[in-house]
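Source file protein.cif; content: mmCIF, C-alpha atoms.
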```
data_coords
loop_
_atom_site.label_atom_id
_atom_site.label_comp_id
_atom_site.auth_asym_id
_atom_site.auth_seq_id
_atom_site.Cartn_x
_atom_site.Cartn_y
_atom_site.Cartn_z
CA MET A 1 -105.37 -31.18 207.30
CA LEU A 2 -108.22 -31.95 204.91
CA LEU A 3 -107.55 -28.72 203.04
CA LYS A 4 -103.91 -29.65 202.72
CA THR A 5 -104.71 -33.06 201.18
CA VAL A 6 -107.22 -31.53 198.81
CA GLY A 7 -104.68 -28.91 197.81
CA LYS A 8 -101.97 -31.49 197.26
CA ASN A 9 -104.26 -33.70 195.17
CA SER A 10 -105.51 -30.82 193.05
CA LEU A 11 -101.96 -29.72 192.43
CA MET A 12 -101.03 -33.25 191.40
CA LEU A 13 -104.01 -33.53 189.05
CA GLY A 14 -103.29 -30.10 187.61
CA MET A 15 -99.69 -31.04 187.01
CA PHE A 16 -100.68 -34.13 185.08
CA ALA A 17 -103.19 -32.14 183.06
CA VAL A 18 -100.47 -29.66 182.09
CA VAL A 19 -98.01 -32.40 181.10
CA THR A 20 -100.52 -34.39 179.05
CA ALA A 21 -101.89 -31.25 177.39
CA GLY A 22 -98.33 -30.30 176.50
CA LEU A 23 -97.71 -33.70 174.96
CA LEU A 24 -100.92 -33.44 172.93
CA ALA A 25 -100.06 -29.95 171.75
CA PHE A 26 -96.63 -31.18 170.66
CA THR A 27 -98.11 -34.09 168.66
CA TYR A 28 -100.81 -31.87 167.18
CA VAL A 29 -98.35 -29.25 165.97
CA ASN A 30 -96.13 -31.90 164.44
CA THR A 31 -98.86 -33.77 162.57
CA LYS A 32 -101.09 -30.83 161.66
CA ASP A 33 -99.64 -30.12 158.21
CA ARG A 34 -99.48 -33.76 157.24
CA ILE A 35 -103.08 -34.34 158.27
CA ALA A 36 -104.27 -31.33 156.27
CA GLU A 37 -102.31 -32.61 153.28
CA GLN A 38 -103.84 -36.10 153.65
CA GLU A 39 -107.35 -34.66 153.85
CA ARG A 40 -106.77 -32.55 150.77
CA ARG A 41 -105.35 -35.51 148.87
CA ALA A 42 -108.27 -37.75 149.84
CA ALA A 43 -110.77 -35.12 148.70
CA GLU A 44 -108.88 -34.63 145.44
CA ALA A 45 -108.56 -38.37 144.83
CA ALA A 46 -112.34 -38.73 144.94
CA LEU A 47 -112.73 -35.95 142.36
CA LEU A 48 -109.96 -37.25 140.11
CA ASP A 49 -111.56 -40.67 140.15
CA ILE A 50 -114.50 -39.22 138.23
CA LEU A 51 -112.64 -36.66 136.14
CA PRO A 52 -109.06 -37.84 135.48
CA ARG A 53 -106.34 -35.23 135.06
CA SER A 54 -106.45 -35.58 131.26
CA THR A 55 -109.91 -33.98 131.15
CA HIS A 56 -108.92 -30.67 132.72
CA ASP A 57 -105.94 -28.48 133.51
CA ASN A 58 -106.95 -26.74 136.74
CA ASN A 59 -107.05 -27.67 140.41
CA MET A 60 -110.68 -28.59 141.05
CA LEU A 61 -110.32 -27.99 144.78
CA GLU A 62 -109.62 -24.32 144.10
CA ASP A 63 -112.18 -23.62 141.39
CA THR A 64 -115.53 -23.98 143.08
CA TRP A 65 -119.03 -22.60 142.91
CA GLN A 66 -120.88 -22.15 146.16
CA ILE A 67 -124.40 -23.60 145.97
CA PRO A 68 -126.93 -20.91 146.99
CA ASP A 69 -128.43 -21.84 150.38
CA ALA A 70 -131.95 -21.76 148.95
CA ASP A 71 -131.10 -24.45 146.40
CA LEU A 72 -129.36 -26.91 148.75
CA ALA A 73 -132.61 -28.82 149.31
CA GLU A 74 -132.84 -29.69 145.59
CA LEU A 75 -129.73 -31.83 146.09
CA GLY A 76 -130.85 -33.19 149.44
CA LEU A 77 -127.99 -31.35 151.17
CA HIS A 78 -128.28 -29.97 154.69
CA ASP A 79 -125.03 -28.03 155.02
CA PRO A 80 -123.49 -25.36 152.81
CA SER A 81 -121.63 -27.15 150.03
CA LYS A 82 -119.83 -26.31 146.85
CA ILE A 83 -119.58 -27.62 143.35
CA TYR A 84 -116.08 -28.36 142.02
CA LEU A 85 -115.35 -27.15 138.53
CA ALA A 86 -113.09 -28.81 135.99
CA LYS A 87 -111.73 -26.30 133.51
CA ARG A 88 -109.76 -26.27 130.32
CA GLY A 89 -108.31 -22.83 130.00
CA THR A 90 -111.20 -20.64 131.08
CA ARG A 91 -113.92 -22.97 129.84
CA VAL A 92 -115.75 -25.13 132.40
CA VAL A 93 -115.85 -28.62 130.91
CA ALA A 94 -117.46 -30.45 133.81
CA ALA A 95 -118.66 -29.96 137.36
CA ILE A 96 -118.66 -32.30 140.33
CA ILE A 97 -121.88 -31.93 142.28
CA PRO A 98 -122.41 -33.32 145.78
CA ALA A 99 -125.80 -34.67 146.84
CA ILE A 100 -127.47 -36.75 149.50
CA ALA A 101 -130.07 -39.41 148.79
CA ALA A 102 -131.99 -39.39 152.05
CA ASP A 103 -134.29 -42.32 151.33
CA GLY A 104 -131.80 -45.19 151.30
CA TYR A 105 -132.43 -48.33 153.32
CA GLY A 106 -130.00 -47.24 156.03
CA GLY A 107 -130.40 -43.47 155.96
CA ASP A 108 -128.38 -40.89 154.06
CA ILE A 109 -126.34 -41.94 151.04
CA LYS A 110 -123.75 -39.30 150.22
CA LEU A 111 -122.86 -39.08 146.54
CA ILE A 112 -120.84 -36.99 144.18
CA ALA A 113 -121.62 -36.88 140.49
CA GLY A 114 -119.56 -35.44 137.67
CA VAL A 115 -121.71 -33.68 135.07
CA SER A 116 -120.19 -32.63 131.75
CA ALA A 117 -121.06 -29.35 130.11
CA ASP A 118 -123.27 -31.20 127.60
CA GLY A 119 -125.44 -32.49 130.46
CA SER A 120 -124.21 -36.07 130.52
CA ILE A 121 -122.89 -37.96 133.54
CA ALA A 122 -119.10 -38.31 133.72
CA GLY A 123 -119.33 -40.57 136.72
CA VAL A 124 -121.05 -41.11 140.05
CA ARG A 125 -119.42 -42.25 143.28
CA VAL A 126 -120.88 -43.05 146.67
CA ILE A 127 -118.89 -41.26 149.36
CA SER A 128 -120.56 -42.73 152.42
CA HIS A 129 -123.56 -44.89 153.17
CA LYS A 130 -124.96 -47.29 155.73
CA GLU A 131 -126.65 -49.76 153.39
CA THR A 132 -126.83 -53.48 154.17
CA PRO A 133 -123.48 -55.20 153.59
CA GLY A 134 -123.71 -57.70 150.75
CA LEU A 135 -126.97 -56.29 149.40
CA GLY A 136 -127.40 -52.52 149.19
CA ASP A 137 -123.70 -51.82 149.61
CA ARG A 138 -123.06 -52.87 146.03
CA ILE A 139 -123.71 -49.24 145.08
CA ASP A 140 -120.12 -48.81 146.32
CA LEU A 141 -117.60 -49.21 143.49
CA ARG A 142 -115.40 -51.33 145.74
CA LYS A 143 -118.18 -53.93 145.90
CA SER A 144 -119.63 -53.88 142.39
CA ASN A 145 -119.63 -51.95 139.13
CA TRP A 146 -123.29 -51.01 139.33
CA ILE A 147 -122.58 -47.31 139.89
CA LEU A 148 -120.75 -47.18 136.54
CA SER A 149 -124.05 -47.78 134.74
CA PHE A 150 -124.72 -44.04 135.04
CA ASP A 151 -121.69 -43.11 132.93
CA GLY A 152 -122.66 -41.24 129.78
CA LYS A 153 -126.36 -41.06 130.70
CA SER A 154 -128.22 -37.76 130.51
CA LEU A 155 -131.76 -36.45 130.77
CA ARG A 156 -132.22 -37.17 127.04
CA SER A 157 -131.07 -40.77 127.21
CA PRO A 158 -132.86 -42.29 128.93
CA PRO A 159 -135.72 -39.75 128.95
CA LEU A 160 -136.69 -38.21 132.27
CA ASP A 161 -139.54 -40.63 132.97
CA LYS A 162 -137.23 -43.62 132.49
CA TRP A 163 -134.92 -42.53 135.31
CA LYS A 164 -136.14 -45.37 137.52
CA VAL A 165 -135.07 -48.89 138.32
CA LYS A 166 -136.38 -51.56 135.95
CA LYS A 167 -138.78 -52.85 138.56
CA ASP A 168 -140.55 -49.46 138.44
CA GLY A 169 -140.56 -49.45 134.62
CA GLY A 170 -137.33 -47.50 134.25
CA ALA A 171 -134.00 -48.05 132.50
CA PHE A 172 -131.68 -48.90 135.40
CA ASP A 173 -130.90 -52.31 136.88
CA GLN A 174 -131.79 -52.82 140.51
CA LEU A 175 -129.51 -54.91 142.71
CA THR A 176 -130.50 -58.46 143.60
CA GLY A 177 -132.19 -58.34 146.98
CA ALA A 178 -132.03 -54.58 147.20
CA THR A 179 -134.43 -52.25 145.42
CA ILE A 180 -134.77 -49.41 147.87
CA THR A 181 -131.08 -48.46 147.72
CA PRO A 182 -130.72 -48.24 143.90
CA ARG A 183 -134.12 -46.54 143.67
CA ALA A 184 -132.85 -43.80 146.00
CA VAL A 185 -129.57 -43.43 144.12
CA VAL A 186 -131.20 -43.32 140.67
CA ARG A 187 -133.68 -40.68 141.83
CA GLN A 188 -130.93 -38.55 143.36
CA VAL A 189 -128.68 -38.75 140.30
CA ARG A 190 -131.67 -37.68 138.20
CA ASP A 191 -132.18 -34.73 140.54
CA ILE A 192 -128.52 -33.79 140.17
CA LEU A 193 -128.97 -33.66 136.39
CA VAL A 194 -132.14 -31.60 136.75
CA PHE A 195 -130.25 -29.26 139.05
CA ALA A 196 -127.36 -28.97 136.59
CA GLN A 197 -129.79 -28.18 133.77
CA LYS A 198 -131.60 -25.53 135.81
CA HIS A 199 -128.40 -23.83 136.92
CA HIS A 200 -126.49 -24.53 133.72
CA SER A 201 -125.56 -20.93 133.02
CA ASP A 202 -124.47 -20.34 136.66
CA ILE A 203 -122.26 -23.39 136.85
CA PHE A 204 -120.77 -23.66 133.39
CA SER A 205 -120.07 -20.00 132.85
CA ALA A 206 -118.57 -19.50 136.28
CA GLY A 207 -115.07 -19.41 134.82
CA THR A 208 -115.74 -16.80 132.15
CA PRO A 209 -115.95 -13.36 133.67
CA MET B 1 -96.23 -62.22 190.01
CA ASN B 2 -92.88 -61.21 188.57
CA ASN B 3 -92.26 -64.12 186.30
CA TYR B 4 -92.35 -62.75 182.75
CA ALA B 5 -93.37 -66.09 181.23
CA ASP B 6 -96.35 -66.23 183.60
CA ILE B 7 -97.33 -62.66 182.78
CA SER B 8 -97.10 -63.37 179.06
CA ILE B 9 -99.10 -66.59 179.16
CA ASN B 10 -101.65 -64.79 181.30
CA GLY B 11 -102.10 -61.98 178.76
CA LEU B 12 -101.94 -64.08 175.63
CA TRP B 13 -104.01 -67.05 176.69
CA LYS B 14 -105.04 -67.80 180.26
CA ASN B 15 -106.55 -64.39 180.95
CA ASN B 16 -106.98 -63.16 177.37
CA PRO B 17 -108.91 -59.88 177.53
CA ALA B 18 -111.21 -60.74 174.63
CA LEU B 19 -111.76 -64.47 175.05
CA VAL B 20 -111.65 -64.94 178.84
CA GLN B 21 -112.23 -61.60 180.52
CA LEU B 22 -114.68 -60.67 177.74
CA ILE B 23 -113.89 -56.97 178.05
CA GLY B 24 -113.47 -54.42 175.30
CA LEU B 25 -116.10 -56.26 173.30
CA CYS B 26 -117.61 -53.15 171.69
CA PRO B 27 -114.67 -52.40 169.36
CA LEU B 28 -113.89 -56.10 169.11
CA LEU B 29 -117.26 -56.88 167.59
CA ALA B 30 -117.72 -53.67 165.65
CA VAL B 31 -114.51 -53.51 163.62
CA SER B 32 -113.71 -57.18 163.18
CA GLY B 33 -115.38 -57.41 159.75
CA THR B 34 -112.08 -57.57 157.86
CA VAL B 35 -108.49 -58.43 158.69
CA VAL B 36 -107.19 -54.97 157.87
CA ASN B 37 -109.66 -53.24 160.21
CA ALA B 38 -108.94 -55.77 162.96
CA LEU B 39 -105.19 -55.30 162.54
CA GLY B 40 -105.47 -51.50 162.56
CA LEU B 41 -107.55 -51.30 165.71
CA GLY B 42 -105.61 -54.13 167.37
CA LEU B 43 -102.26 -52.40 166.82
CA ALA B 44 -103.64 -49.07 168.05
CA THR B 45 -104.99 -50.73 171.19
CA LEU B 46 -101.71 -52.57 171.70
CA ALA B 47 -99.76 -49.32 171.51
CA VAL B 48 -102.08 -47.49 173.92
CA LEU B 49 -102.13 -50.38 176.39
CA THR B 50 -98.35 -50.79 176.44
CA GLY B 51 -97.73 -47.05 176.69
CA SER B 52 -100.26 -46.45 179.43
CA ASN B 53 -99.03 -49.43 181.46
CA VAL B 54 -95.45 -48.13 181.38
CA VAL B 55 -96.36 -44.57 182.35
CA VAL B 56 -98.79 -45.70 185.05
CA SER B 57 -96.09 -47.90 186.52
CA LEU B 58 -93.56 -45.04 186.42
CA ILE B 59 -95.79 -42.70 188.38
CA ARG B 60 -97.24 -45.30 190.75
CA HIS B 61 -95.42 -43.89 193.80
CA VAL B 62 -96.24 -40.28 192.98
CA VAL B 63 -100.03 -40.23 192.74
CA SER B 64 -102.24 -40.66 195.77
CA ASP B 65 -105.17 -43.06 195.75
CA ALA B 66 -107.66 -40.21 195.66
CA VAL B 67 -106.59 -38.90 192.26
CA LYS B 68 -105.28 -42.18 190.90
CA LEU B 69 -108.16 -42.94 188.52
CA PRO B 70 -108.51 -39.50 186.94
CA VAL B 71 -104.76 -39.48 186.33
CA PHE B 72 -104.92 -42.91 184.67
CA VAL B 73 -107.79 -41.81 182.46
CA MET B 74 -105.84 -38.69 181.50
CA ILE B 75 -102.81 -40.79 180.56
CA ILE B 76 -104.88 -43.24 178.52
CA ALA B 77 -106.76 -40.43 176.77
CA THR B 78 -103.46 -38.77 175.89
CA PHE B 79 -102.02 -41.92 174.38
CA THR B 80 -105.20 -42.55 172.43
CA THR B 81 -105.30 -39.02 171.03
CA VAL B 82 -101.64 -39.18 170.06
CA ILE B 83 -102.23 -42.48 168.24
CA GLU B 84 -105.32 -41.02 166.59
CA LEU B 85 -103.38 -38.03 165.29
CA LEU B 86 -100.57 -40.26 164.04
CA MET B 87 -103.00 -42.58 162.23
CA GLN B 88 -104.69 -39.59 160.69
CA ALA B 89 -101.33 -38.34 159.45
CA TYR B 90 -99.89 -41.61 158.19
CA THR B 91 -102.73 -44.06 157.49
CA TYR B 92 -105.53 -41.67 156.60
CA GLN B 93 -107.80 -44.12 154.77
CA LEU B 94 -107.63 -46.67 157.56
CA TYR B 95 -108.35 -43.89 160.03
CA GLN B 96 -111.48 -43.10 158.04
CA THR B 97 -112.57 -46.72 157.96
CA LEU B 98 -112.13 -47.25 161.68
CA GLY B 99 -113.83 -43.94 162.41
CA ILE B 100 -115.19 -43.48 165.89
CA PHE B 101 -113.57 -46.67 167.22
CA ILE B 102 -110.12 -45.11 167.53
CA PRO B 103 -111.15 -42.40 170.03
CA LEU B 104 -113.25 -45.08 171.72
CA ILE B 105 -110.07 -46.96 172.67
CA VAL B 106 -110.16 -44.68 175.73
CA THR B 107 -113.25 -46.46 176.93
CA ASN B 108 -111.84 -49.94 176.37
CA CYS B 109 -112.00 -51.20 179.95
CA ALA B 110 -109.17 -53.63 179.25
CA ILE B 111 -106.78 -50.67 179.34
CA LEU B 112 -107.95 -48.97 182.53
CA GLY B 113 -108.33 -52.44 184.01
CA ARG B 114 -104.65 -53.30 183.45
CA ALA B 115 -103.54 -49.89 184.70
CA ASP B 116 -105.48 -50.27 187.93
CA SER B 117 -105.02 -53.98 188.61
CA PHE B 118 -101.45 -54.52 187.43
CA ALA B 119 -99.39 -51.54 186.29
CA CYS B 120 -99.88 -49.42 189.40
CA LYS B 121 -98.69 -52.27 191.64
CA ASN B 122 -95.67 -53.45 189.67
CA PRO B 123 -92.30 -52.14 188.42
CA VAL B 124 -91.92 -50.80 184.90
CA LEU B 125 -90.61 -53.90 183.14
CA PRO B 126 -93.32 -56.32 184.29
CA ALA B 127 -95.92 -53.62 183.56
CA LEU B 128 -94.53 -53.26 180.05
CA VAL B 129 -94.61 -57.01 179.46
CA ASP B 130 -98.13 -57.20 180.86
CA GLY B 131 -99.40 -54.35 178.68
CA PHE B 132 -97.72 -55.72 175.59
CA THR B 133 -98.93 -59.31 175.99
CA MET B 134 -102.45 -58.28 177.00
CA GLY B 135 -102.54 -56.06 173.91
CA LEU B 136 -101.16 -58.90 171.81
CA GLY B 137 -103.82 -61.23 173.20
CA PHE B 138 -106.50 -58.72 172.26
CA LEU B 139 -104.96 -58.22 168.82
CA GLY B 140 -104.79 -61.99 168.28
CA ALA B 141 -108.46 -62.51 169.13
CA LEU B 142 -109.42 -59.53 166.97
CA LEU B 143 -107.40 -60.90 164.02
CA ALA B 144 -108.88 -64.38 164.37
CA ILE B 145 -112.43 -63.03 164.37
CA GLY B 146 -111.61 -60.65 161.51
CA ALA B 147 -110.09 -63.42 159.40
CA VAL B 148 -113.01 -65.81 159.89
CA ARG B 149 -115.61 -63.11 159.22
CA GLU B 150 -113.88 -61.76 156.14
CA LEU B 151 -113.35 -65.24 154.72
CA LEU B 152 -116.94 -66.38 155.29
CA GLY B 153 -118.44 -63.05 154.32
CA SER B 154 -116.58 -62.34 151.11
CA GLY B 155 -114.79 -65.55 150.12
CA ALA B 156 -111.45 -63.75 150.22
CA ILE B 157 -109.01 -62.70 152.89
CA PHE B 158 -106.47 -59.87 153.37
CA SER B 159 -108.30 -57.46 151.05
CA ASN B 160 -107.47 -53.73 151.20
CA MET B 161 -104.27 -54.38 153.13
CA ASP B 162 -102.80 -51.40 151.26
CA LEU B 163 -104.68 -49.16 153.70
CA LEU B 164 -102.08 -50.17 156.28
CA PHE B 165 -99.02 -51.27 154.32
CA GLY B 166 -99.09 -49.10 151.18
CA GLU B 167 -99.39 -49.90 147.47
CA PRO B 168 -97.58 -53.29 147.28
CA ALA B 169 -100.02 -54.82 149.78
CA LYS B 170 -102.80 -54.58 147.19
CA GLN B 171 -101.59 -57.94 145.87
CA TRP B 172 -102.03 -59.70 149.21
CA LYS B 173 -105.71 -60.41 148.72
CA LEU B 174 -106.33 -64.16 148.57
CA HIS B 175 -109.45 -65.54 146.92
CA ILE B 176 -110.28 -68.73 148.76
CA PHE B 177 -113.70 -69.37 147.34
CA SER B 178 -115.86 -67.13 145.25
CA HIS B 179 -119.48 -67.20 144.29
CA GLN B 180 -120.21 -64.04 142.34
CA ASP B 181 -118.61 -62.01 145.12
CA LYS B 182 -121.25 -63.15 147.55
CA GLY B 183 -120.34 -64.90 150.76
CA PHE B 184 -122.30 -65.78 153.84
CA LEU B 185 -123.86 -62.45 154.57
CA ILE B 186 -124.43 -63.13 158.24
CA ALA B 187 -120.69 -63.33 158.91
CA VAL B 188 -120.26 -59.67 157.95
CA LEU B 189 -123.36 -58.45 159.78
CA PRO B 190 -123.18 -57.71 163.52
CA PRO B 191 -124.70 -61.04 164.64
CA GLY B 192 -121.84 -62.77 162.81
CA ALA B 193 -119.39 -61.08 165.15
CA PHE B 194 -121.11 -62.61 168.17
CA LEU B 195 -121.33 -66.03 166.53
CA VAL B 196 -117.67 -66.10 165.53
CA ALA B 197 -116.53 -64.78 168.92
CA GLY B 198 -118.65 -67.44 170.63
CA VAL B 199 -117.17 -70.22 168.49
CA LEU B 200 -113.65 -68.95 169.24
CA ILE B 201 -114.32 -68.95 172.99
CA ALA B 202 -115.68 -72.48 172.73
CA LEU B 203 -112.60 -73.50 170.77
CA LYS B 204 -110.30 -72.03 173.41
CA ASN B 205 -112.18 -73.86 176.17
CA THR B 206 -111.95 -77.12 174.23
CA ILE B 207 -108.19 -76.72 173.87
CA ASP B 208 -107.90 -75.90 177.59
CA ASN B 209 -109.91 -79.01 178.50
CA TYR B 210 -107.80 -81.14 176.20
CA TRP B 211 -104.59 -79.94 177.89
CA LYS B 212 -106.09 -80.47 181.32
CA ALA B 213 -107.09 -84.03 180.43
CA ARG B 214 -103.65 -84.69 178.99
CA ALA B 215 -101.95 -83.33 182.08
CA ARG B 216 -104.00 -85.73 184.18
CA VAL B 217 -103.04 -88.70 181.99
CA GLU B 218 -99.36 -87.72 182.21
CA GLN B 219 -99.60 -87.66 186.00
CA VAL B 220 -100.90 -91.21 185.99
CA ILE B 221 -98.03 -92.31 183.77
CA VAL B 222 -95.50 -90.66 186.07
CA LYS B 223 -96.95 -92.54 189.04
CA GLY B 224 -96.80 -95.80 187.08
CA ALA B 225 -93.21 -95.15 186.07
CA LYS B 226 -92.15 -94.80 189.69
CA ARG B 227 -93.70 -98.09 190.52
CA VAL B 228 -91.90 -99.71 187.64
CA ARG B 229 -88.59 -98.24 188.80
CA THR B 230 -89.01 -99.70 192.30
CA THR B 231 -89.37 -103.14 190.86
CA GLY B 232 -86.16 -102.60 188.98
CA THR B 233 -87.33 -103.90 185.62
CA VAL B 234 -86.58 -100.65 183.72
CA ALA B 235 -83.16 -99.12 183.46
#
```
Do you think you could lay out the structure here as structure tokens?
Amino acid sequence: MLLKTVGKNSLMLGMFAVVTAGLLAFTYVNTKDRIAEQERRAAEAALLDILPRSTHDNNMLEDTWQIPDADLAELGLHDPSKIYLAKRGTRVVAAIIPAIAADGYGGDIKLIAGVSADGSIAGVRVISHKETPGLGDRIDLRKSNWILSFDGKSLRSPPLDKWKVKKDGGAFDQLTGATITPRAVVRQVRDILVFAQKHHSDIFSAGTP
Amino acid sequence: MNNYADISINGLWKNNPALVQLIGLCPLLAVSGTVVNALGLGLATLAVLTGSNVVVSLIRHVVSDAVKLPVFVMIIATFTTVIELLMQAYTYQLYQTLGIFIPLIVTNCAILGRADSFACKNPVLPALVDGFTMGLGFLGALLAIGAVRELLGSGAIFSNMDLLFGEPAKQWKLHIFSHQDKGFLIAVLPPGAFLVAGVLIALKNTIDNYWKARARVEQVIVKGAKRVRTTGTVA
């Protein structure tokens, strides 16, 4: 009697599991391609925001350079990542380098920075962060234009020791009420440039065999 | 309770999941920073709640009490995952903004609560109305909190609506007041969510008390009118 009830209930539960799993599989199969396309487009949109189509003629998502595992730490990265290359013909004109500033006010700040072949910044964007809304979150372009102050800067201007916020005697504005956040971002962007300089031949000759 | 008007008033106002039952507060407080986030999560919850109520009602005679709850959870999880996949496919940026709170709809006790206390005891149509109006009540509260927080926090309202409605909605943003893009910071921070929700609950209670007091006054008038009629001075 007990066994019969248990059997009946298990059968019932199993049946529902099969039906719901089937429904999920159906939805998954039908949305899979669209989701992949959306993800690709979102990734590309972030890259194109820094390096508009007019600057290159390749698909940056396909031309990449894998960062050697040993060098990931220089960019603050934990997981294997790649650098996206913008090319004109076979010449690499710029590279988009991912990095993480780990010493923000609210933990990791994920950035990408476009570095031109001449070593200057094409643009920096914050991909994700957990900084205080209204204060530190103005590193996000949607909140303020602060992040654009890196455009055109390089290790020559301002010189390396001026890559600090003004409060620390450097060349970059801090944000009102938030010093820790911009300090972390400025330092990490500087490290990206140092990285690009060190690996210049690896990155910018990647396209020429 | 098979009266649809009663069910609707119950879900939208009298027994509003967010303002009276105070359930599902985690997503309510976490994503109500802007109208677009509130609308996105509210609509997703509405869809899951309505769908799960209908299916639970359909199968109410089939499942035994012993496996009832696991079956409900399975149904709710399925609806949530389907909605999650659809949002990922069609409103990708909003999906990214809402993040973990979409899968967390499964744990919104408002949904399992309606399945267990209403849908599994009632026919399909009342269950559908109940799910829809409860969801609408939740969405309404979420929108109200989102609107107040966004307005106080940023001085503008309806920003980034294009995440949900496409390009043309970029124009919908209304600047109400602006002070160098800085609003009252606390409204956007988590404590602001509690404060605004608390004020809304107080407001709802005030309105309820007002109606109660008015109903009492009307009763008195009705009594008076009868007396007048017996004396025959009023036609």
Shell around region 45-61 of chain B at 9 Å using only C-alpha atoms, local window under 5 positions removed, as JSON, numbers by chain: {"B": [40, 68, 71, 72, 75, 76, 77, 79, 80, 83, 102, 105, 106, 108, 110, 111, 112, 114, 115, 116, 118, 119, 120, 121, 122, 123, 124, 125, 126, 127, 128, 129, 130, 131, 132, 133, 134, 135, 136, 138, 139]}
With C-alpha atoms retained, export the selected residues as a PDB file, in the frame of the given file.
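What landed in result-v3.pdb:
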```
ATOM      1  CA  GLY B  40    -105.470 -51.500 162.560  1.00  0.00           C
ATOM      2  CA  LYS B  68    -105.280 -42.180 190.900  1.00  0.00           C
ATOM      3  CA  VAL B  71    -104.760 -39.480 186.330  1.00  0.00           C
ATOM      4  CA  PHE B  72    -104.920 -42.910 184.670  1.00  0.00           C
ATOM      5  CA  ILE B  75    -102.810 -40.790 180.560  1.00  0.00           C
ATOM      6  CA  ILE B  76    -104.880 -43.240 178.520  1.00  0.00           C
ATOM      7  CA  ALA B  77    -106.760 -40.430 176.770  1.00  0.00           C
ATOM      8  CA  PHE B  79    -102.020 -41.920 174.380  1.00  0.00           C
ATOM      9  CA  THR B  80    -105.200 -42.550 172.430  1.00  0.00           C
ATOM     10  CA  ILE B  83    -102.230 -42.480 168.240  1.00  0.00           C
ATOM     11  CA  ILE B 102    -110.120 -45.110 167.530  1.00  0.00           C
ATOM     12  CA  ILE B 105    -110.070 -46.960 172.670  1.00  0.00           C
ATOM     13  CA  VAL B 106    -110.160 -44.680 175.730  1.00  0.00           C
ATOM     14  CA  ASN B 108    -111.840 -49.940 176.370  1.00  0.00           C
ATOM     15  CA  ALA B 110    -109.170 -53.630 179.250  1.00  0.00           C
ATOM     16  CA  ILE B 111    -106.780 -50.670 179.340  1.00  0.00           C
ATOM     17  CA  LEU B 112    -107.950 -48.970 182.530  1.00  0.00           C
ATOM     18  CA  ARG B 114    -104.650 -53.300 183.450  1.00  0.00           C
ATOM     19  CA  ALA B 115    -103.540 -49.890 184.700  1.00  0.00           C
ATOM     20  CA  ASP B 116    -105.480 -50.270 187.930  1.00  0.00           C
ATOM     21  CA  PHE B 118    -101.450 -54.520 187.430  1.00  0.00           C
ATOM     22  CA  ALA B 119     -99.390 -51.540 186.290  1.00  0.00           C
ATOM     23  CA  CYS B 120     -99.880 -49.420 189.400  1.00  0.00           C
ATOM     24  CA  LYS B 121     -98.690 -52.270 191.640  1.00  0.00           C
ATOM     25  CA  ASN B 122     -95.670 -53.450 189.670  1.00  0.00           C
ATOM     26  CA  PRO B 123     -92.300 -52.140 188.420  1.00  0.00           C
ATOM     27  CA  VAL B 124     -91.920 -50.800 184.900  1.00  0.00           C
ATOM     28  CA  LEU B 125     -90.610 -53.900 183.140  1.00  0.00           C
ATOM     29  CA  PRO B 126     -93.320 -56.320 184.290  1.00  0.00           C
ATOM     30  CA  ALA B 127     -95.920 -53.620 183.560  1.00  0.00           C
ATOM     31  CA  LEU B 128     -94.530 -53.260 180.050  1.00  0.00           C
ATOM     32  CA  VAL B 129     -94.610 -57.010 179.460  1.00  0.00           C
ATOM     33  CA  ASP B 130     -98.130 -57.200 180.860  1.00  0.00           C
ATOM     34  CA  GLY B 131     -99.400 -54.350 178.680  1.00  0.00           C
ATOM     35  CA  PHE B 132     -97.720 -55.720 175.590  1.00  0.00           C
ATOM     36  CA  THR B 133     -98.930 -59.310 175.990  1.00  0.00           C
ATOM     37  CA  MET B 134    -102.450 -58.280 177.000  1.00  0.00           C
ATOM     38  CA  GLY B 135    -102.540 -56.060 173.910  1.00  0.00           C
ATOM     39  CA  LEU B 136    -101.160 -58.900 171.810  1.00  0.00           C
ATOM     40  CA  PHE B 138    -106.500 -58.720 172.260  1.00  0.00           C
ATOM     41  CA  LEU B 139    -104.960 -58.220 168.820  1.00  0.00           C
TER      42      LEU B 139
END
```
Between CA of Gly136 (chain A) and CA of Pro190 (chain B), distance in Å (one decimal): 15.8 Å
Selection near region 110-127 of chain A, 8 Å with all atoms listed in the file, sequence-local residues under 5 positions removed, as a list in words: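 In the requested form, the answer reads Ile50, Leu51, Val92, Val93, Ala94, Ala95, Ile96, Ile97, Pro98, Ala99, Ile100, Ala101, Ile139, Asp140, Leu141, Ile147, Leu148, Phe150, Asp151, Gly152, Lys153, Ser154, Leu155, Val189, Ile192, Leu193, Ala196, Gln197 and Phe204 of chain A.
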Nearest to chain A, chosen from B:Leu43, B:Val62, B:Ala38, B:Ala5, with all atoms listed in the file counted in the distances: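 Among the listed residues, B:Val62 lies closest to chain A.
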Of the listed residues A:Leu61, A:Ala70, A:Ala86, A:Leu135, that which approaches chain B most closely, counting only C-alpha atoms: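 The closest residue to chain B is A:Leu135.
Note that CA of Trp13 (chain B) and CA of Lys212 (chain B) are 14.3 Å apart.
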Expected selection from the PyMOL selection byres ((chain B) within 8 of (chain A)), given as number ranges by chain: B: 63-64, 66-67, 70-71, 74-75, 78, 81-82, 85-86, 88-90, 92, 182-183, 185, 188-189
Shell of 7 Å around Ala156 (chain B), all atoms listed in the file, local chain residues under 2 positions omitted, as a PyMOL selection string: chain B and resi 150-151+154+173-177
